[in-house]
Structures are given as C-alpha cells and as structure tokens.
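Peer 1: Enclosed is the structure file run_7.cif (mmCIF, C-alpha atoms and all ligand atoms).
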```cif
data_my_file
#
loop_
_atom_site.group_PDB
_atom_site.id
_atom_site.type_symbol
_atom_site.label_atom_id
_atom_site.label_comp_id
_atom_site.auth_asym_id
_atom_site.auth_seq_id
_atom_site.Cartn_x
_atom_site.Cartn_y
_atom_site.Cartn_z
ATOM 1 C CA MET A 1 -22.138 -8.982 4.486
ATOM 2 C CA LYS A 2 -22.151 -10.398 0.935
ATOM 3 C CA ALA A 3 -20.936 -7.038 -0.414
ATOM 4 C CA PHE A 4 -17.679 -7.489 1.499
ATOM 5 C CA ASP A 5 -17.083 -11.048 0.264
ATOM 6 C CA LEU A 6 -13.908 -11.404 -1.827
ATOM 7 C CA SER A 7 -14.277 -15.122 -2.617
ATOM 8 C CA GLY A 8 -12.722 -16.021 -5.967
ATOM 9 C CA LYS A 9 -10.962 -12.655 -6.334
ATOM 10 C CA THR A 10 -7.239 -12.327 -7.004
ATOM 11 C CA ALA A 11 -5.454 -9.614 -5.043
ATOM 12 C CA LEU A 12 -1.910 -8.520 -5.824
ATOM 13 C CA VAL A 13 -0.230 -6.971 -2.759
ATOM 14 C CA THR A 14 3.263 -5.450 -2.908
ATOM 15 C CA GLY A 15 5.531 -5.683 0.140
ATOM 16 C CA ALA A 16 3.385 -8.408 1.710
ATOM 17 C CA ASN A 17 6.218 -10.114 3.616
ATOM 18 C CA THR A 18 5.907 -7.874 6.683
ATOM 19 C CA GLY A 19 4.111 -4.981 8.377
ATOM 20 C CA ILE A 20 1.104 -3.294 6.812
ATOM 21 C CA GLY A 21 1.324 -5.278 3.560
ATOM 22 C CA GLN A 22 1.246 -8.544 5.476
ATOM 23 C CA GLY A 23 -1.726 -7.384 7.586
ATOM 24 C CA ILE A 24 -3.655 -6.327 4.475
ATOM 25 C CA ALA A 25 -2.825 -9.513 2.520
ATOM 26 C CA ILE A 26 -4.072 -11.688 5.388
ATOM 27 C CA GLY A 27 -7.172 -9.499 5.840
ATOM 28 C CA LEU A 28 -8.077 -9.807 2.143
ATOM 29 C CA ALA A 29 -7.506 -13.582 2.336
ATOM 30 C CA GLU A 30 -9.775 -13.805 5.396
ATOM 31 C CA ALA A 31 -12.453 -12.117 3.259
ATOM 32 C CA GLY A 32 -11.959 -14.802 0.595
ATOM 33 C CA ALA A 33 -9.306 -13.526 -1.844
ATOM 34 C CA ASN A 34 -6.329 -15.447 -3.185
ATOM 35 C CA ILE A 35 -3.135 -13.438 -2.926
ATOM 36 C CA VAL A 36 -0.151 -12.668 -5.150
ATOM 37 C CA ALA A 37 2.549 -11.439 -2.747
ATOM 38 C CA VAL A 38 5.070 -9.307 -4.659
ATOM 39 C CA GLY A 39 8.351 -8.157 -3.149
ATOM 40 C CA ARG A 40 12.094 -8.462 -2.926
ATOM 41 C CA THR A 41 11.968 -10.595 0.257
ATOM 42 C CA PRO A 42 9.944 -13.832 -0.107
ATOM 43 C CA ALA A 43 6.725 -13.612 1.914
ATOM 44 C CA ASN A 44 6.974 -17.159 3.302
ATOM 45 C CA ASP A 45 5.308 -16.418 6.652
ATOM 46 C CA THR A 46 2.444 -14.569 4.908
ATOM 47 C CA GLN A 47 2.062 -17.465 2.475
ATOM 48 C CA GLN A 48 1.828 -20.009 5.307
ATOM 49 C CA ARG A 49 -0.749 -17.956 7.176
ATOM 50 C CA ILE A 50 -2.880 -17.451 4.049
ATOM 51 C CA GLU A 51 -2.719 -21.116 3.082
ATOM 52 C CA ALA A 52 -3.794 -22.008 6.636
ATOM 53 C CA LEU A 53 -6.978 -20.024 5.882
ATOM 54 C CA GLY A 54 -7.594 -22.281 2.878
ATOM 55 C CA ARG A 55 -6.675 -19.622 0.288
ATOM 56 C CA ARG A 56 -3.915 -19.664 -2.302
ATOM 57 C CA CYS A 57 -0.862 -17.438 -2.043
ATOM 58 C CA VAL A 58 1.711 -17.121 -4.811
ATOM 59 C CA LEU A 59 5.051 -15.375 -4.274
ATOM 60 C CA VAL A 60 6.522 -13.165 -7.004
ATOM 61 C CA GLU A 61 10.029 -11.828 -6.497
ATOM 62 C CA ALA A 62 10.509 -8.251 -7.684
ATOM 63 C CA ASP A 63 12.503 -5.187 -6.728
ATOM 64 C CA LEU A 64 10.187 -2.221 -7.175
ATOM 65 C CA SER A 65 13.015 0.297 -7.206
ATOM 66 C CA ASN A 66 12.790 -0.263 -10.948
ATOM 67 C CA CYS A 67 9.444 -0.205 -12.727
ATOM 68 C CA ALA A 68 10.753 -1.980 -15.834
ATOM 69 C CA GLY A 69 9.547 -5.326 -14.434
ATOM 70 C CA VAL A 70 5.865 -4.516 -13.903
ATOM 71 C CA GLU A 71 4.602 -6.397 -17.000
ATOM 72 C CA LYS A 72 6.414 -9.554 -15.867
ATOM 73 C CA ILE A 73 4.941 -9.266 -12.359
ATOM 74 C CA VAL A 74 1.392 -9.074 -13.710
ATOM 75 C CA ASP A 75 2.054 -11.839 -16.287
ATOM 76 C CA LYS A 76 3.210 -14.144 -13.482
ATOM 77 C CA ALA A 77 0.199 -13.246 -11.320
ATOM 78 C CA GLU A 78 -2.203 -13.984 -14.199
ATOM 79 C CA THR A 79 -0.517 -17.280 -15.053
ATOM 80 C CA GLU A 80 -0.665 -18.494 -11.456
ATOM 81 C CA LEU A 81 -3.970 -17.122 -10.169
ATOM 82 C CA GLY A 82 -5.825 -15.578 -13.108
ATOM 83 C CA ALA A 83 -6.613 -11.931 -13.811
ATOM 84 C CA VAL A 84 -5.868 -9.425 -11.057
ATOM 85 C CA ASP A 85 -9.072 -7.974 -9.539
ATOM 86 C CA ILE A 86 -7.478 -6.019 -6.689
ATOM 87 C CA LEU A 87 -4.121 -4.230 -6.572
ATOM 88 C CA VAL A 88 -2.681 -2.981 -3.280
ATOM 89 C CA ASN A 89 0.339 -0.717 -3.793
ATOM 90 C CA ASN A 90 1.867 -1.040 -0.331
ATOM 91 C CA ALA A 91 5.654 -1.377 -0.804
ATOM 92 C CA GLY A 92 7.381 1.756 0.389
ATOM 93 C CA THR A 93 10.602 3.098 1.761
ATOM 94 C CA ILE A 94 11.856 6.203 3.613
ATOM 95 C CA LYS A 95 15.134 8.150 3.895
ATOM 96 C CA ARG A 96 15.787 10.712 6.626
ATOM 97 C CA ASN A 97 18.014 13.795 6.383
ATOM 98 C CA ASP A 98 17.785 17.568 6.784
ATOM 99 C CA ALA A 99 16.335 19.227 3.679
ATOM 100 C CA LEU A 100 19.571 21.255 3.372
ATOM 101 C CA ASP A 101 21.618 18.056 3.074
ATOM 102 C CA PHE A 102 19.153 15.774 1.272
ATOM 103 C CA THR A 103 20.866 13.888 -1.573
ATOM 104 C CA GLU A 104 19.614 13.180 -5.069
ATOM 105 C CA GLU A 105 20.194 9.476 -4.424
ATOM 106 C CA ASP A 106 17.885 9.490 -1.381
ATOM 107 C CA TRP A 107 15.353 11.476 -3.400
ATOM 108 C CA ASP A 108 15.363 8.972 -6.294
ATOM 109 C CA THR A 109 15.368 5.832 -4.094
ATOM 110 C CA VAL A 110 12.163 6.857 -2.357
ATOM 111 C CA MET A 111 10.369 8.374 -5.349
ATOM 112 C CA ASP A 112 11.106 5.332 -7.540
ATOM 113 C CA VAL A 113 9.539 2.822 -5.125
ATOM 114 C CA ASN A 114 6.808 4.916 -3.520
ATOM 115 C CA LEU A 115 5.565 6.797 -6.572
ATOM 116 C CA LYS A 116 6.975 5.695 -9.944
ATOM 117 C CA SER A 117 6.497 1.942 -9.497
ATOM 118 C CA LEU A 118 3.106 2.545 -7.875
ATOM 119 C CA PHE A 119 1.951 4.459 -10.954
ATOM 120 C CA PHE A 120 3.305 2.089 -13.592
ATOM 121 C CA LEU A 121 2.101 -1.049 -11.787
ATOM 122 C CA SER A 122 -1.354 0.550 -11.508
ATOM 123 C CA GLN A 123 -1.237 1.481 -15.196
ATOM 124 C CA CYS A 124 -0.273 -2.070 -16.180
ATOM 125 C CA VAL A 125 -3.053 -3.670 -14.105
ATOM 126 C CA ALA A 126 -5.642 -1.086 -15.213
ATOM 127 C CA LYS A 127 -4.798 -1.567 -18.918
ATOM 128 C CA ARG A 128 -5.583 -5.266 -18.606
ATOM 129 C CA MET A 129 -8.801 -4.617 -16.656
ATOM 130 C CA VAL A 130 -9.926 -2.237 -19.406
ATOM 131 C CA ALA A 131 -8.875 -4.582 -22.232
ATOM 132 C CA GLN A 132 -10.822 -7.437 -20.625
ATOM 133 C CA SER A 133 -13.789 -5.198 -19.607
ATOM 134 C CA ARG A 134 -13.407 -6.304 -15.996
ATOM 135 C CA PRO A 135 -14.092 -4.136 -12.945
ATOM 136 C CA GLY A 136 -11.206 -3.589 -10.561
ATOM 137 C CA LYS A 137 -10.022 -2.052 -7.333
ATOM 138 C CA ILE A 138 -6.729 -0.249 -6.787
ATOM 139 C CA ILE A 139 -5.721 0.693 -3.239
ATOM 140 C CA ASN A 140 -2.659 2.860 -2.691
ATOM 141 C CA ILE A 141 -0.970 3.147 0.690
ATOM 142 C CA ALA A 142 -0.566 6.841 1.445
ATOM 143 C CA SER A 143 0.509 8.379 4.785
ATOM 144 C CA MET A 144 -0.138 11.195 7.243
ATOM 145 C CA LEU A 145 2.487 12.933 5.069
ATOM 146 C CA SER A 146 -0.025 12.919 2.236
ATOM 147 C CA PHE A 147 -1.658 15.684 4.347
ATOM 148 C CA GLN A 148 1.154 17.076 6.507
ATOM 149 C CA GLY A 149 4.713 18.193 5.788
ATOM 150 C CA GLY A 150 6.746 16.150 8.230
ATOM 151 C CA ILE A 151 10.388 16.907 8.908
ATOM 152 C CA ARG A 152 13.672 15.470 7.555
ATOM 153 C CA VAL A 153 11.818 13.236 5.066
ATOM 154 C CA ALA A 154 11.685 15.391 1.918
ATOM 155 C CA SER A 155 11.372 12.597 -0.633
ATOM 156 C CA TYR A 156 8.925 10.601 1.521
ATOM 157 C CA THR A 157 6.629 13.632 1.908
ATOM 158 C CA ALA A 158 6.877 14.374 -1.817
ATOM 159 C CA SER A 159 6.128 10.753 -2.688
ATOM 160 C CA LYS A 160 3.181 10.326 -0.310
ATOM 161 C CA SER A 161 1.668 13.702 -1.273
ATOM 162 C CA GLY A 162 2.108 12.457 -4.831
ATOM 163 C CA VAL A 163 0.333 9.202 -3.960
ATOM 164 C CA ALA A 164 -2.713 11.203 -2.795
ATOM 165 C CA GLY A 165 -2.684 13.260 -6.009
ATOM 166 C CA LEU A 166 -2.212 10.272 -8.305
ATOM 167 C CA THR A 167 -4.971 8.365 -6.497
ATOM 168 C CA LYS A 168 -7.371 11.158 -7.437
ATOM 169 C CA LEU A 169 -6.046 11.433 -10.995
ATOM 170 C CA MET A 170 -6.359 7.700 -11.654
ATOM 171 C CA ALA A 171 -9.819 7.682 -10.043
ATOM 172 C CA ASN A 172 -10.924 10.534 -12.333
ATOM 173 C CA GLU A 173 -9.712 8.784 -15.484
ATOM 174 C CA TRP A 174 -10.778 5.229 -14.660
ATOM 175 C CA ALA A 175 -14.029 5.566 -12.677
ATOM 176 C CA THR A 176 -16.161 5.211 -15.829
ATOM 177 C CA LYS A 177 -14.205 2.048 -16.653
ATOM 178 C CA ASN A 178 -15.424 0.424 -13.419
ATOM 179 C CA ILE A 179 -12.056 0.734 -11.738
ATOM 180 C CA CYS A 180 -12.169 2.249 -8.252
ATOM 181 C CA VAL A 181 -8.908 3.885 -7.201
ATOM 182 C CA ASN A 182 -8.608 4.903 -3.552
ATOM 183 C CA ALA A 183 -5.934 5.191 -0.885
ATOM 184 C CA ILE A 184 -5.532 4.313 2.767
ATOM 185 C CA ALA A 185 -3.480 6.727 4.843
ATOM 186 C CA PRO A 186 -2.168 4.875 7.895
ATOM 187 C CA GLY A 187 -1.315 6.819 11.023
ATOM 188 C CA TYR A 188 1.436 5.579 13.319
ATOM 189 C CA ILE A 189 1.525 1.808 12.855
ATOM 190 C CA ALA A 190 3.900 -0.515 14.731
ATOM 191 C CA THR A 191 6.074 -2.118 11.997
ATOM 192 C CA ASN A 192 9.813 -2.468 11.189
ATOM 193 C CA ASN A 193 9.566 0.927 9.545
ATOM 194 C CA THR A 194 8.713 2.629 12.839
ATOM 195 C CA ALA A 195 10.712 0.394 15.215
ATOM 196 C CA ALA A 196 13.232 3.160 15.994
ATOM 197 C CA LEU A 197 10.456 5.628 16.865
ATOM 198 C CA GLN A 198 8.739 3.092 19.128
ATOM 199 C CA ALA A 199 12.039 2.397 20.891
ATOM 200 C CA ASP A 200 12.740 6.115 21.500
ATOM 201 C CA GLU A 201 10.990 6.715 24.843
ATOM 202 C CA LYS A 202 10.587 10.481 24.409
ATOM 203 C CA ARG A 203 9.337 10.364 20.794
ATOM 204 C CA ASN A 204 7.124 7.410 21.623
ATOM 205 C CA SER A 205 5.347 9.193 24.456
ATOM 206 C CA GLU A 206 4.959 12.385 22.347
ATOM 207 C CA ILE A 207 3.401 10.344 19.540
ATOM 208 C CA VAL A 208 1.055 8.296 21.713
ATOM 209 C CA GLY A 209 0.077 11.459 23.626
ATOM 210 C CA ARG A 210 -1.122 13.063 20.367
ATOM 211 C CA ILE A 211 -3.125 10.073 19.097
ATOM 212 C CA PRO A 212 -6.758 10.347 20.268
ATOM 213 C CA ALA A 213 -6.998 6.537 20.401
ATOM 214 C CA GLY A 214 -4.034 6.591 22.802
ATOM 215 C CA ARG A 215 -2.072 3.788 21.137
ATOM 216 C CA TRP A 216 -0.049 2.835 18.069
ATOM 217 C CA GLY A 217 -1.989 1.083 15.327
ATOM 218 C CA SER A 218 -1.203 -2.488 14.338
ATOM 219 C CA PRO A 219 -1.125 -3.851 10.767
ATOM 220 C CA ASP A 220 -4.429 -5.625 11.528
ATOM 221 C CA ASP A 221 -6.056 -2.225 12.072
ATOM 222 C CA LEU A 222 -5.761 -1.586 8.312
ATOM 223 C CA SER A 223 -7.499 -4.732 7.091
ATOM 224 C CA GLY A 224 -11.113 -3.571 7.565
ATOM 225 C CA ALA A 225 -10.530 -0.494 5.403
ATOM 226 C CA ALA A 226 -8.669 -2.597 2.825
ATOM 227 C CA VAL A 227 -11.473 -5.178 2.592
ATOM 228 C CA PHE A 228 -14.035 -2.375 2.208
ATOM 229 C CA LEU A 229 -12.079 -0.659 -0.585
ATOM 230 C CA ALA A 230 -11.410 -4.025 -2.292
ATOM 231 C CA SER A 231 -15.050 -5.123 -2.255
ATOM 232 C CA THR A 232 -18.272 -4.222 -4.062
ATOM 233 C CA ALA A 233 -19.330 -2.424 -0.847
ATOM 234 C CA SER A 234 -17.198 0.506 -2.098
ATOM 235 C CA ASP A 235 -18.279 0.517 -5.764
ATOM 236 C CA TYR A 236 -19.298 4.214 -5.616
ATOM 237 C CA VAL A 237 -16.160 5.293 -3.700
ATOM 238 C CA HIS A 238 -13.581 6.896 -6.002
ATOM 239 C CA GLY A 239 -10.485 8.985 -5.291
ATOM 240 C CA THR A 240 -10.745 9.052 -1.529
ATOM 241 C CA VAL A 241 -7.786 8.986 0.844
ATOM 242 C CA LEU A 242 -9.112 7.185 3.910
ATOM 243 C CA ALA A 243 -7.169 7.925 7.091
ATOM 244 C CA VAL A 244 -6.848 4.987 9.496
ATOM 245 C CA ASP A 245 -4.964 6.889 12.124
ATOM 246 C CA GLY A 246 -6.552 6.551 15.571
ATOM 247 C CA GLY A 247 -7.787 10.130 15.080
ATOM 248 C CA TRP A 248 -4.341 11.732 14.468
ATOM 249 C CA LEU A 249 -5.582 14.103 11.744
ATOM 250 C CA ALA A 250 -8.622 15.136 13.761
ATOM 251 C CA ARG A 251 -6.410 16.471 16.522
HETATM 252 P P1 LIG B 301 7.907 -2.110 6.442
HETATM 253 O O1 LIG B 301 7.566 -3.110 7.491
HETATM 254 O O2 LIG B 301 9.274 -1.547 6.357
HETATM 255 O O3 LIG B 301 7.472 -2.698 5.021
HETATM 256 C C1 LIG B 301 7.805 -2.055 3.806
HETATM 257 C C2 LIG B 301 7.545 -3.042 2.694
HETATM 258 O O4 LIG B 301 7.925 -2.448 1.422
HETATM 259 C C3 LIG B 301 8.396 -4.298 2.849
HETATM 260 O O5 LIG B 301 7.699 -5.414 2.388
HETATM 261 C C4 LIG B 301 9.584 -3.987 1.946
HETATM 262 O O6 LIG B 301 10.282 -5.115 1.505
HETATM 263 C C5 LIG B 301 8.843 -3.321 0.785
HETATM 264 N N1 LIG B 301 9.795 -2.621 -0.069
HETATM 265 C C6 LIG B 301 10.557 -1.559 0.229
HETATM 266 N N2 LIG B 301 11.368 -1.254 -0.825
HETATM 267 C C7 LIG B 301 11.082 -2.156 -1.811
HETATM 268 C C8 LIG B 301 11.566 -2.381 -3.118
HETATM 269 N N3 LIG B 301 12.538 -1.647 -3.655
HETATM 270 N N4 LIG B 301 11.047 -3.405 -3.849
HETATM 271 C C9 LIG B 301 10.077 -4.202 -3.318
HETATM 272 N N5 LIG B 301 9.582 -4.042 -2.075
HETATM 273 C C10 LIG B 301 10.076 -3.035 -1.335
HETATM 274 O O7 LIG B 301 6.964 -0.842 6.583
HETATM 275 P P2 LIG B 301 5.400 -0.655 6.748
HETATM 276 O O8 LIG B 301 5.239 0.282 7.851
HETATM 277 O O9 LIG B 301 4.657 -1.931 6.747
HETATM 278 O O10 LIG B 301 5.106 0.152 5.390
HETATM 279 C C11 LIG B 301 4.218 -0.294 4.385
HETATM 280 C C12 LIG B 301 3.646 0.912 3.663
HETATM 281 O O11 LIG B 301 2.920 1.698 4.596
HETATM 282 C C13 LIG B 301 4.706 1.844 3.084
HETATM 283 O O12 LIG B 301 4.254 2.370 1.850
HETATM 284 C C14 LIG B 301 4.801 2.943 4.128
HETATM 285 O O13 LIG B 301 5.261 4.156 3.586
HETATM 286 C C15 LIG B 301 3.351 3.040 4.542
HETATM 287 N N6 LIG B 301 3.113 3.681 5.831
HETATM 288 C C16 LIG B 301 3.570 3.140 7.008
HETATM 289 C C17 LIG B 301 3.276 3.786 8.210
HETATM 290 C C18 LIG B 301 3.693 3.241 9.551
HETATM 291 O O14 LIG B 301 3.467 3.920 10.567
HETATM 292 N N7 LIG B 301 4.270 2.080 9.661
HETATM 293 C C19 LIG B 301 2.535 4.965 8.200
HETATM 294 C C20 LIG B 301 2.112 5.481 6.988
HETATM 295 C C21 LIG B 301 2.390 4.832 5.810
HETATM 296 P P3 LIG B 301 11.586 -5.631 2.338
HETATM 297 O O15 LIG B 301 11.062 -6.305 3.570
HETATM 298 O O16 LIG B 301 12.248 -6.554 1.376
HETATM 299 O O17 LIG B 301 12.385 -4.410 2.649
#
```
Could you rewrite the structure in this file as structure tokens?
Ligand code: NAP

Peer 2:
Amino acid sequence: MKAFDLSGKTALVTGANTGIGQGIAIGLAEAGANIVAVGRTPANDTQQRIEALGRRCVLVEADLSNCAGVEKIVDKAETELGAVDILVNNAGTIKRNDALDFTEEDWDTVMDVNLKSLFFLSQCVAKRMVAQSRPGKIINIASMLSFQGGIRVASYTASKSGVAGLTKLMANEWATKNICVNAIAPGYIATNNTAALQADEKRNSEIVGRIPAGRWGSPDDLSGAAVFLASTASDYVHGTVLAVDGGWLAR
C-alpha cells in the first residue's frame, strides 16, 4: 500500500468546506497529506476533522469567480505548508434555466468558476512544479455532463465538457514534465448542490431507479479515486476522466 501513501505531501483542495471537496480533503488527509483548503467560506469543520487525524490544514480565503487571485492563493499555500504536490480543482457552481432564456450572466458565473479559474489555478501550480523540477498531480472534478448533455444547465454542461477537454490537453502538455492531470466525474452525490433533487420525491426515485448501485453516492465515495490519482500508484495515468457514478454511465 506504500504507493498510495501521501505522507508529507501538500494537497490544495478548492471548495473544501462542504460536499465532495470536504470528502476528498479528508480522504487525502487520511492517506497522509496536509491540506490547503481554499474557498470563499472558511472550511472550519474540515480543518477540525483533518487536525483530529494528526495532519495540518490551512485555510485560504478566495473567491474563484475571479482568477486574478490564483498567484496569491499558491503563494499562501507555499508559505504555510511548502510546495503544492497535489491540486484538486473541486469548487463549482450551477445555474438552471431553459436554453432559450439562458442569460449571459448565468453563463459567465458558471464558466468563470468551473472552467476559467480551474485552468489558471492549474497553470499557476504547474508552472511552479516545472520550475522546481517536482512531480505533481492535478485532479479536476468533472461531471456526468462531461459525457452527457443534460437539460436546463447550458453553462454547466459547457463548463464540465470543457473540464474533460482541458484535462486531456493539460495531460498531453505536462505528462513529460512528471505532472499527471486527470479528472474524476462524480455521478449523483448527496451534497448541498443536489439537495433539491433529493427532496423531490419523483425526481429522486427516477434518479435512484437509473443508478445500477441503487443509491446516491456520498462524498466519501470519491476519496478512494482521489487518493489513487493523487498518489504514485497512478504515475502512468494521464488524461483520464474516471467516473465514480454507481454505474450511471454504464446504463
Ligand atoms: P457543493 O456542496 O455546493 O460545493 C461546491 C463548492 O464549491 C463549495 O465549497 C462552494 O463554496 C465552492 N464554490 C462555488 N463557487 C465558488 C466561488 N466562486 N469561489 C470559491 N468557491 C466556490 O457541491 P458539490 O456537489 O460538493 O460540488 C463539488 C464539485 O463537484 C463541483 O465542481 C460540482 O460541479 C461537482 N459535481 C457534483 C455532483 C453532485 O452530484 N453533487 C456531481 C458531479 C459533479 P461555498 O460553500 O462558499 O458556496
């Protein structure tokens, strides 16, 4: 199991205060990593749970709707916990409306967080890995809508399809520099983001009925894949989009 050990590694996780980001941050800490939790809401609960594991967790406040602050985020991470070995681009948002009525504002809000900040934060971290000749791991959080079209979520589908494309592009350019770029595509996971769907009895039973595993995923279900993609166990894995979806895409 040594290949999965993350002891002494620094992992920067965006949106680690709740949901999937929290589950992944705690999973990486359980495997040994210290965590930089980046987001606009302080990840106090995540910090407490990581410190209880005997790892360090530093909070960095940042609104990722604007990518101008990425250098400062990485500077702060390096000052507090040393060079970033693992980046998890998890922070994401969604806006719902019919395609005929979709506004430019809702387009930009989603694309800026889900795609633009993801790219420029990855670029910033990768530049430093290359400059310091250090290997690294970048894990992007994609979606079922990296593969499917969805409905009433034009900018979300565009952003998550973009995440799958950019994951492959970055993998192609950085694989020879010892940086592995991959993505995890979660299926239906019970978080704040999907609370309304879970509460809607009809939609909930349609969704569960289509998932081969017969249940919603939990944020903990993502941590095994995250630890794998963050560790040396995945050193020859580049540009993959790994579905963790209870079998949704196989259906
Ligand atoms: P969530 O509980 O709503 O968490 C979203 C996270 O992103 C929160 O930490 C949120 O911070 C952060 N965030 C949003 N906008 C931000 C901004 N402008 N600046 C900084 N942080 C921002 O949802 P989740 O389900 O865990 O989603 C996490 C990721 O998984 C997202 O990329 C989402 O698209 C993806 N995903 C989720 C599912 C699912 O079924 N749940 C499925 C596929 C993909 P605040 O708490 O401050 O808002």

Peer 1: Give as an MDAnalysis selection string the residues that the PyMOL selection byres (((not hetatm)) within 6 of (chain B and resi 301)) matches when applied to the coordinates above.

Peer 2: chainID A and resid 15:21 39:41 62:65 90:93 113 141:143 186:194

Peer 1: Could you list, as number ranges by chain, every residue within 10 Å of A:Ile211, counting only C-alpha atoms and ignoring same-chain residues fewer than 5 positions away?

Peer 2: A: 187-188, 206, 216-217, 245-251

Peer 1: Using all atoms listed in the file and a cutoff of 7 Å, can you tell me which residues are near (-4.2, 8.0, -5.4) in the file's coordinates, and write them out as a VMD selection string?

Peer 2: chain A and resid 140 163 to 170 181 to 183 239

Peer 1: Could you tell me which of A:Ala68, A:Val244, A:Leu197, A:Leu81 comes closest to A:Pro219 if we count all atoms listed in the file?

Peer 2: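 Closest candidate: A:Val244.
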
Peer 1: Env of A:Ala154: 9 Å cut, atoms = all atoms listed in the file, seq-sep filter 3 positions within chain, self excluded. Answer as a VMD selection string.

Peer 2: chain A and resid 95 to 99 102 107 149 to 151 157 to 159

Peer 1: Expand the PyMOL selection byres (((chain A and resi 135) around 9) and not hetatm) into the explicit residue set it covers here, and present it as a list in words.

Peer 2: Asp85, Met129, Val130, Gln132, Ser133, Arg134, Gly136, Lys137, Lys177, Asn178, Ile179 and Cys180 of chain A

Peer 1: Can you tell me how far atom CA of A:Ile86 sits from atom CA of A:Ile138, in Å to one decimal?

Peer 2: 5.8 Å

Peer 1: Would you mind completing stretch 96-107 of chain A to N, CA, C and O atoms and writing the output as a JSON list (two decimals), keeping the file's coordinate frame?

Peer 2:
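Listing of selection-v4.json after writing:
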```
[["chain", "number", "residue", "atom", "x", "y", "z"],
["A", 96, "ARG", "N", 15.86, 9.54, 5.75],
["A", 96, "ARG", "CA", 15.79, 10.71, 6.63],
["A", 96, "ARG", "C", 17.06, 11.55, 6.54],
["A", 96, "ARG", "O", 18.16, 11.02, 6.67],
["A", 97, "ASN", "N", 16.89, 12.86, 6.33],
["A", 97, "ASN", "CA", 18.01, 13.80, 6.38],
["A", 97, "ASN", "C", 17.45, 15.21, 6.37],
["A", 97, "ASN", "O", 16.31, 15.42, 5.91],
["A", 98, "ASP", "N", 18.23, 16.18, 6.86],
["A", 98, "ASP", "CA", 17.78, 17.57, 6.78],
["A", 98, "ASP", "C", 17.58, 17.96, 5.32],
["A", 98, "ASP", "O", 18.37, 17.54, 4.45],
["A", 99, "ALA", "N", 16.59, 18.80, 5.06],
["A", 99, "ALA", "CA", 16.34, 19.23, 3.68],
["A", 99, "ALA", "C", 17.58, 19.88, 3.07],
["A", 99, "ALA", "O", 17.85, 19.74, 1.88],
["A", 100, "LEU", "N", 18.37, 20.58, 3.90],
["A", 100, "LEU", "CA", 19.57, 21.26, 3.37],
["A", 100, "LEU", "C", 20.62, 20.26, 2.88],
["A", 100, "LEU", "O", 21.45, 20.57, 2.04],
["A", 101, "ASP", "N", 20.59, 19.05, 3.42],
["A", 101, "ASP", "CA", 21.62, 18.06, 3.07],
["A", 101, "ASP", "C", 21.07, 16.90, 2.24],
["A", 101, "ASP", "O", 21.79, 15.95, 1.95],
["A", 102, "PHE", "N", 19.79, 16.94, 1.91],
["A", 102, "PHE", "CA", 19.15, 15.77, 1.27],
["A", 102, "PHE", "C", 19.81, 15.48, -0.08],
["A", 102, "PHE", "O", 20.03, 16.38, -0.89],
["A", 103, "THR", "N", 20.14, 14.22, -0.34],
["A", 103, "THR", "CA", 20.87, 13.89, -1.57],
["A", 103, "THR", "C", 19.91, 13.47, -2.69],
["A", 103, "THR", "O", 18.80, 13.00, -2.44],
["A", 104, "GLU", "N", 20.40, 13.59, -3.90],
["A", 104, "GLU", "CA", 19.61, 13.18, -5.07],
["A", 104, "GLU", "C", 19.35, 11.67, -5.01],
["A", 104, "GLU", "O", 18.28, 11.20, -5.38],
["A", 105, "GLU", "N", 20.36, 10.94, -4.51],
["A", 105, "GLU", "CA", 20.19, 9.48, -4.42],
["A", 105, "GLU", "C", 19.02, 9.11, -3.50],
["A", 105, "GLU", "O", 18.19, 8.27, -3.83],
["A", 106, "ASP", "N", 18.97, 9.77, -2.32],
["A", 106, "ASP", "CA", 17.89, 9.49, -1.38],
["A", 106, "ASP", "C", 16.53, 9.98, -1.92],
["A", 106, "ASP", "O", 15.48, 9.42, -1.59],
["A", 107, "TRP", "N", 16.58, 11.01, -2.73],
["A", 107, "TRP", "CA", 15.35, 11.48, -3.40],
["A", 107, "TRP", "C", 14.85, 10.39, -4.36],
["A", 107, "TRP", "O", 13.71, 9.93, -4.29]]
```
